[in-house]
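Dumped my_file-v2.pdb below, it's PDB, C-alpha atoms:
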```pdb
ATOM      1  CA  MET A   1    -103.097  77.055  31.891
ATOM      2  CA  THR A   2    -101.183  73.836  31.154
ATOM      3  CA  ASN A   3     -99.771  75.376  27.963
ATOM      4  CA  ASP A   4     -98.721  78.457  29.964
ATOM      5  CA  ILE A   5     -96.803  76.317  32.457
ATOM      6  CA  ALA A   6     -95.190  74.312  29.657
ATOM      7  CA  GLN A   7     -94.086  77.521  27.937
ATOM      8  CA  ILE A   8     -92.421  78.896  31.062
ATOM      9  CA  ALA A   9     -90.870  75.511  31.852
ATOM     10  CA  SER A  10     -89.301  75.485  28.378
ATOM     11  CA  TRP A  11     -87.562  78.802  29.178
ATOM     12  CA  LEU A  12     -86.217  77.658  32.561
ATOM     13  CA  GLN A  13     -83.292  75.333  32.092
ATOM     14  CA  PRO A  14     -81.437  73.975  35.150
ATOM     15  CA  GLN A  15     -78.698  76.611  34.715
ATOM     16  CA  ASP A  16     -81.437  79.260  34.882
ATOM     17  CA  ILE A  17     -82.476  78.378  38.447
ATOM     18  CA  LEU A  18     -80.700  79.549  41.617
ATOM     19  CA  PHE A  19     -81.725  78.214  45.013
ATOM     20  CA  ASP A  20     -80.652  79.725  48.331
ATOM     21  CA  ALA A  21     -79.036  82.757  46.693
ATOM     22  CA  ASP A  22     -77.300  84.851  49.338
ATOM     23  CA  VAL A  23     -78.401  88.401  48.503
ATOM     24  CA  ARG A  24     -78.292  91.455  50.779
ATOM     25  CA  ASP A  25     -81.030  93.598  49.256
ATOM     26  CA  ARG A  26     -83.019  94.350  46.108
ATOM     27  CA  SER A  27     -80.085  95.925  44.263
ATOM     28  CA  HIS A  28     -77.812  92.987  45.062
ATOM     29  CA  ALA A  29     -80.496  90.528  43.897
ATOM     30  CA  LEU A  30     -80.591  92.317  40.541
ATOM     31  CA  GLU A  31     -76.773  92.249  40.337
ATOM     32  CA  VAL A  32     -76.808  88.491  40.934
ATOM     33  CA  ALA A  33     -79.529  88.049  38.313
ATOM     34  CA  ALA A  34     -77.613  90.097  35.728
ATOM     35  CA  ALA A  35     -74.334  88.289  36.416
ATOM     36  CA  THR A  36     -75.937  84.856  36.193
ATOM     37  CA  ILE A  37     -77.866  85.596  33.001
ATOM     38  CA  CYS A  38     -74.830  87.157  31.330
ATOM     39  CA  ARG A  39     -72.289  84.526  32.379
ATOM     40  CA  ALA A  40     -74.126  81.816  30.442
ATOM     41  CA  ARG A  41     -74.558  84.030  27.381
ATOM     42  CA  GLY A  42     -71.236  85.843  27.187
ATOM     43  CA  LEU A  43     -72.775  89.274  27.823
ATOM     44  CA  ASP A  44     -71.571  92.182  29.943
ATOM     45  CA  PRO A  45     -73.656  92.187  33.155
ATOM     46  CA  ALA A  46     -73.284  95.950  33.820
ATOM     47  CA  PRO A  47     -75.796  97.156  31.194
ATOM     48  CA  VAL A  48     -78.188  94.344  32.115
ATOM     49  CA  PHE A  49     -78.075  95.357  35.777
ATOM     50  CA  ARG A  50     -78.610  99.009  34.805
ATOM     51  CA  ALA A  51     -81.661  98.064  32.709
ATOM     52  CA  LEU A  52     -83.130  96.014  35.558
ATOM     53  CA  TRP A  53     -82.422  98.756  38.104
ATOM     54  CA  ARG A  54     -83.898 101.497  35.872
ATOM     55  CA  ARG A  55     -87.076  99.447  35.527
ATOM     56  CA  GLU A  56     -87.186  98.886  39.284
ATOM     57  CA  GLN A  57     -86.855 102.622  39.916
ATOM     58  CA  THR A  58     -90.043 103.308  37.951
ATOM     59  CA  GLY A  59     -91.947 101.042  40.353
ATOM     60  CA  SER A  60     -91.304  97.848  42.221
ATOM     61  CA  THR A  61     -91.725  94.663  40.218
ATOM     62  CA  ALA A  62     -92.811  92.832  43.383
ATOM     63  CA  LEU A  63     -96.288  91.355  43.030
ATOM     64  CA  GLY A  64     -96.818  90.491  46.691
ATOM     65  CA  GLU A  65     -96.796  87.268  48.686
ATOM     66  CA  GLY A  66     -92.997  87.129  48.427
ATOM     67  CA  PHE A  67     -92.741  87.160  44.634
ATOM     68  CA  ALA A  68     -91.208  89.642  42.150
ATOM     69  CA  ILE A  69     -90.737  89.737  38.383
ATOM     70  CA  PRO A  70     -87.816  92.038  37.599
ATOM     71  CA  HIS A  71     -87.667  92.538  33.832
ATOM     72  CA  ALA A  72     -85.995  94.601  31.143
ATOM     73  CA  CYS A  73     -85.174  94.771  27.448
ATOM     74  CA  ILE A  74     -81.538  94.021  26.606
ATOM     75  CA  GLY A  75     -79.391  93.732  23.521
ATOM     76  CA  GLY A  76     -77.431  90.631  22.609
ATOM     77  CA  ILE A  77     -80.204  88.063  22.922
ATOM     78  CA  ALA A  78     -82.567  86.770  20.253
ATOM     79  CA  GLN A  79     -85.348  85.386  22.452
ATOM     80  CA  PRO A  80     -86.703  85.956  25.962
ATOM     81  CA  THR A  81     -84.439  84.729  28.748
ATOM     82  CA  THR A  82     -85.532  83.883  32.273
ATOM     83  CA  LEU A  83     -83.855  83.194  35.594
ATOM     84  CA  PHE A  84     -85.631  81.969  38.715
ATOM     85  CA  ILE A  85     -84.020  82.898  42.033
ATOM     86  CA  ARG A  86     -85.054  81.730  45.483
ATOM     87  CA  THR A  87     -83.157  83.732  48.076
ATOM     88  CA  ARG A  88     -81.743  82.295  51.279
ATOM     89  CA  HIS A  89     -83.429  85.097  53.246
ATOM     90  CA  ALA A  90     -86.377  87.223  52.186
ATOM     91  CA  ILE A  91     -85.443  90.803  51.245
ATOM     92  CA  ALA A  92     -87.306  94.101  51.195
ATOM     93  CA  PHE A  93     -88.556  94.801  47.674
ATOM     94  CA  ASP A  94     -91.137  97.547  48.163
ATOM     95  CA  ALA A  95     -93.946  95.062  47.530
ATOM     96  CA  PRO A  96     -97.544  96.309  47.474
ATOM     97  CA  ASP A  97     -98.410  94.049  50.426
ATOM     98  CA  GLY A  98     -95.282  95.127  52.349
ATOM     99  CA  LYS A  99     -94.012  91.536  52.548
ATOM    100  CA  PRO A 100     -90.380  90.749  51.753
ATOM    101  CA  VAL A 101     -89.508  88.832  48.592
ATOM    102  CA  SER A 102     -87.795  85.457  48.442
ATOM    103  CA  GLN A 103     -88.722  84.351  44.918
ATOM    104  CA  LEU A 104     -87.820  86.276  41.775
ATOM    105  CA  LEU A 105     -88.346  85.471  38.134
ATOM    106  CA  ALA A 106     -86.057  87.752  36.144
ATOM    107  CA  ILE A 107     -87.125  88.167  32.527
ATOM    108  CA  MET A 108     -84.961  89.637  29.804
ATOM    109  CA  VAL A 109     -86.479  90.265  26.403
ATOM    110  CA  PRO A 110     -84.589  91.248  23.249
ATOM    111  CA  GLU A 111     -84.100  94.966  22.752
ATOM    112  CA  GLY A 112     -86.131  96.091  19.772
ATOM    113  CA  GLY A 113     -88.326  92.996  20.007
ATOM    114  CA  ALA A 114     -92.083  93.071  19.748
ATOM    115  CA  ARG A 115     -93.482  95.027  22.702
ATOM    116  CA  ASP A 116     -96.644  92.929  22.651
ATOM    117  CA  ASP A 117     -94.574  89.760  23.161
ATOM    118  CA  HIS A 118     -92.951  91.335  26.235
ATOM    119  CA  LEU A 119     -96.305  92.348  27.710
ATOM    120  CA  GLN A 120     -97.866  88.961  26.965
ATOM    121  CA  LEU A 121     -94.961  87.216  28.684
ATOM    122  CA  LEU A 122     -95.346  89.406  31.784
ATOM    123  CA  ALA A 123     -99.106  88.799  31.827
ATOM    124  CA  LEU A 124     -98.562  85.049  31.518
ATOM    125  CA  VAL A 125     -96.124  84.989  34.431
ATOM    126  CA  GLY A 126     -98.374  87.226  36.520
ATOM    127  CA  ARG A 127    -101.331  84.874  36.003
ATOM    128  CA  LEU A 128     -99.315  81.841  37.007
ATOM    129  CA  PHE A 129     -97.687  83.306  40.083
TER     130      PHE A 129
END
```
What is this file in structure tokens?
Amino acid sequence: MTNDIAQIASWLQPQDILFDADVRDRSHALEVAAATICRARGLDPAPVFRALWRREQTGSTALGEGFAIPHACIGGIAQPTTLFIRTRHAIAFDAPDGKPVSQLLAIMVPEGGARDDHLQLLALVGRLF
């Protein structure tokens, strides 16, 4: 478990953490995530938002207890990228427990990357949170 925490901590740099994000709803939270991730990496946020939203439409990425892990595969990155967001106000996210979400860990993995790596990363985050 300590190695798991260290691995996630190595992905989260200070610029990859947003506290008190003022978001209106689930869609806006994903827009903020896409814009923040892309700004630091020189990417266009529109396709990143679309990838996150498409994934969300297949089923909510909310785990319950106020936490969600929106994720998608995107081009233009060579390794997984994360962004932690704590919202100013909890938002509806279609969580299995019906509770609103105030903490999100957005995960972007390289398009065409190893699918097993993506699934292992999601499993790791799910175990920890």
Practice item. Using all atoms listed in the file, determine which residues lie at most 12 Å from Ile91 in chain A, disregarding the query and same-chain residues fewer than 3 positions distant; provide the list as number ranges by chain. Key: A: 21-30, 62, 66-68, 86-88, 94-95, 98-104
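If you look at CA of Pro47 in chain A and CA of Met108 in chain A, they are 11.9 Å away from each other.
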Once you count all atoms listed in the file, what closest atom pair and distance in Å to one decimal does each residue of range 17-68 of chain A within 12 Å of range 77-83 of chain A have, with rows by chain and rising residue number, as CSV?
```
residue,atom,partner,partner_atom,distance
A:Ile17,CA,A:Leu83,CA,5.8
A:Leu18,CA,A:Leu83,CA,7.7
A:Phe19,CA,A:Leu83,CA,10.9
A:Ala29,CA,A:Leu83,CA,11.6
A:Leu30,CA,A:Leu83,CA,10.9
A:Val32,CA,A:Leu83,CA,10.3
A:Ala33,CA,A:Leu83,CA,7.0
A:Ala34,CA,A:Leu83,CA,9.3
A:Ala35,CA,A:Leu83,CA,10.8
A:Thr36,CA,A:Leu83,CA,8.1
A:Ile37,CA,A:Leu83,CA,7.0
A:Cys38,CA,A:Ile77,CA,10.0
A:Ala40,CA,A:Thr81,CA,10.8
A:Arg41,CA,A:Ile77,CA,8.2
A:Gly42,CA,A:Ile77,CA,10.2
A:Leu43,CA,A:Ile77,CA,9.0
A:Asp44,CA,A:Ile77,CA,11.9
A:Val48,CA,A:Ile77,CA,11.3
A:Ala68,CA,A:Leu83,CA,11.8
```
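Of the residues listed (A:Ile74, A:Leu63, A:Ile107, A:Ile69), A:Ile74 shows the shortest atom-to-atom separation from Ala46 in chain A; distances use all atoms listed in the file.
Picture a line from CA of Gly59 in chain A to CA of Phe84 in chain A; it runs 20.2 Å.
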Practice item. Tell me, in Å to one decimal, how far CA of His89 in chain A is from CA of Asp16 in chain A. Key: 19.4 Å
Point to revise | Answer key for the PyMOL selection byres ((chain A and resi 72) around 10), residues as number ranges by chain | key: A: 48-56, 69-71, 73-74, 106-111, 118
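Nearest to Asp97 in chain A of all the residues A:Glu65, A:Thr58, A:Arg39, A:Pro45 is A:Glu65, counting all atoms listed in the file.
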Kindly reconstruct range 24-45 of chain A with N, CA, C and O atoms and present the result as a CSV table (one decimal), keeping the file's coordinate frame.
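This went into part.csv:
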```csv
chain,number,residue,atom,x,y,z
A,24,ARG,N,-78.1,90.5,49.7
A,24,ARG,CA,-78.3,91.5,50.8
A,24,ARG,C,-79.6,92.3,50.7
A,24,ARG,O,-80.2,92.6,51.7
A,25,ASP,N,-79.9,92.7,49.4
A,25,ASP,CA,-81.0,93.6,49.3
A,25,ASP,C,-81.5,93.5,47.8
A,25,ASP,O,-81.0,92.7,47.0
A,26,ARG,N,-82.4,94.4,47.5
A,26,ARG,CA,-83.0,94.4,46.1
A,26,ARG,C,-82.0,94.6,45.0
A,26,ARG,O,-81.9,93.9,44.0
A,27,SER,N,-81.1,95.6,45.2
A,27,SER,CA,-80.1,95.9,44.3
A,27,SER,C,-79.1,94.7,44.1
A,27,SER,O,-78.8,94.4,42.9
A,28,HIS,N,-78.7,94.1,45.2
A,28,HIS,CA,-77.8,93.0,45.1
A,28,HIS,C,-78.5,91.8,44.4
A,28,HIS,O,-77.8,91.1,43.6
A,29,ALA,N,-79.8,91.6,44.6
A,29,ALA,CA,-80.5,90.5,43.9
A,29,ALA,C,-80.5,90.8,42.4
A,29,ALA,O,-80.3,89.8,41.6
A,30,LEU,N,-80.6,92.0,42.0
A,30,LEU,CA,-80.6,92.3,40.5
A,30,LEU,C,-79.2,92.2,40.0
A,30,LEU,O,-79.0,91.7,38.8
A,31,GLU,N,-78.2,92.5,40.8
A,31,GLU,CA,-76.8,92.2,40.3
A,31,GLU,C,-76.5,90.8,40.1
A,31,GLU,O,-75.9,90.4,39.1
A,32,VAL,N,-77.0,89.9,41.1
A,32,VAL,CA,-76.8,88.5,40.9
A,32,VAL,C,-77.6,88.0,39.7
A,32,VAL,O,-77.0,87.2,38.9
A,33,ALA,N,-78.8,88.5,39.5
A,33,ALA,CA,-79.5,88.0,38.3
A,33,ALA,C,-78.8,88.4,37.0
A,33,ALA,O,-78.6,87.6,36.1
A,34,ALA,N,-78.3,89.6,36.9
A,34,ALA,CA,-77.6,90.1,35.7
A,34,ALA,C,-76.4,89.3,35.5
A,34,ALA,O,-76.1,88.8,34.4
A,35,ALA,N,-75.6,89.1,36.6
A,35,ALA,CA,-74.3,88.3,36.4
A,35,ALA,C,-74.6,86.9,36.0
A,35,ALA,O,-73.9,86.3,35.1
A,36,THR,N,-75.6,86.2,36.5
A,36,THR,CA,-75.9,84.9,36.2
A,36,THR,C,-76.4,84.7,34.8
A,36,THR,O,-76.0,83.9,34.0
A,37,ILE,N,-77.3,85.6,34.4
A,37,ILE,CA,-77.9,85.6,33.0
A,37,ILE,C,-76.7,85.8,32.0
A,37,ILE,O,-76.6,85.2,31.0
A,38,CYS,N,-75.9,86.8,32.3
A,38,CYS,CA,-74.8,87.2,31.3
A,38,CYS,C,-73.7,86.1,31.3
A,38,CYS,O,-73.1,85.9,30.2
A,39,ARG,N,-73.4,85.5,32.4
A,39,ARG,CA,-72.3,84.5,32.4
A,39,ARG,C,-72.6,83.4,31.4
A,39,ARG,O,-71.7,83.0,30.6
A,40,ALA,N,-73.8,82.9,31.3
A,40,ALA,CA,-74.1,81.8,30.4
A,40,ALA,C,-74.2,82.2,29.0
A,40,ALA,O,-74.2,81.4,28.1
A,41,ARG,N,-74.3,83.6,28.7
A,41,ARG,CA,-74.6,84.0,27.4
A,41,ARG,C,-73.4,84.9,26.8
A,41,ARG,O,-73.5,85.4,25.8
A,42,GLY,N,-72.4,85.1,27.6
A,42,GLY,CA,-71.2,85.8,27.2
A,42,GLY,C,-71.5,87.3,27.0
A,42,GLY,O,-70.9,88.0,26.2
A,43,LEU,N,-72.4,87.9,27.9
A,43,LEU,CA,-72.8,89.3,27.8
A,43,LEU,C,-72.2,90.0,29.0
A,43,LEU,O,-71.8,89.4,30.0
A,44,ASP,N,-72.1,91.3,28.9
A,44,ASP,CA,-71.6,92.2,29.9
A,44,ASP,C,-72.7,92.4,30.9
A,44,ASP,O,-73.8,92.9,30.5
A,45,PRO,N,-72.6,92.0,32.2
A,45,PRO,CA,-73.7,92.2,33.2
A,45,PRO,C,-74.0,93.6,33.5
A,45,PRO,O,-75.1,93.9,34.0
```
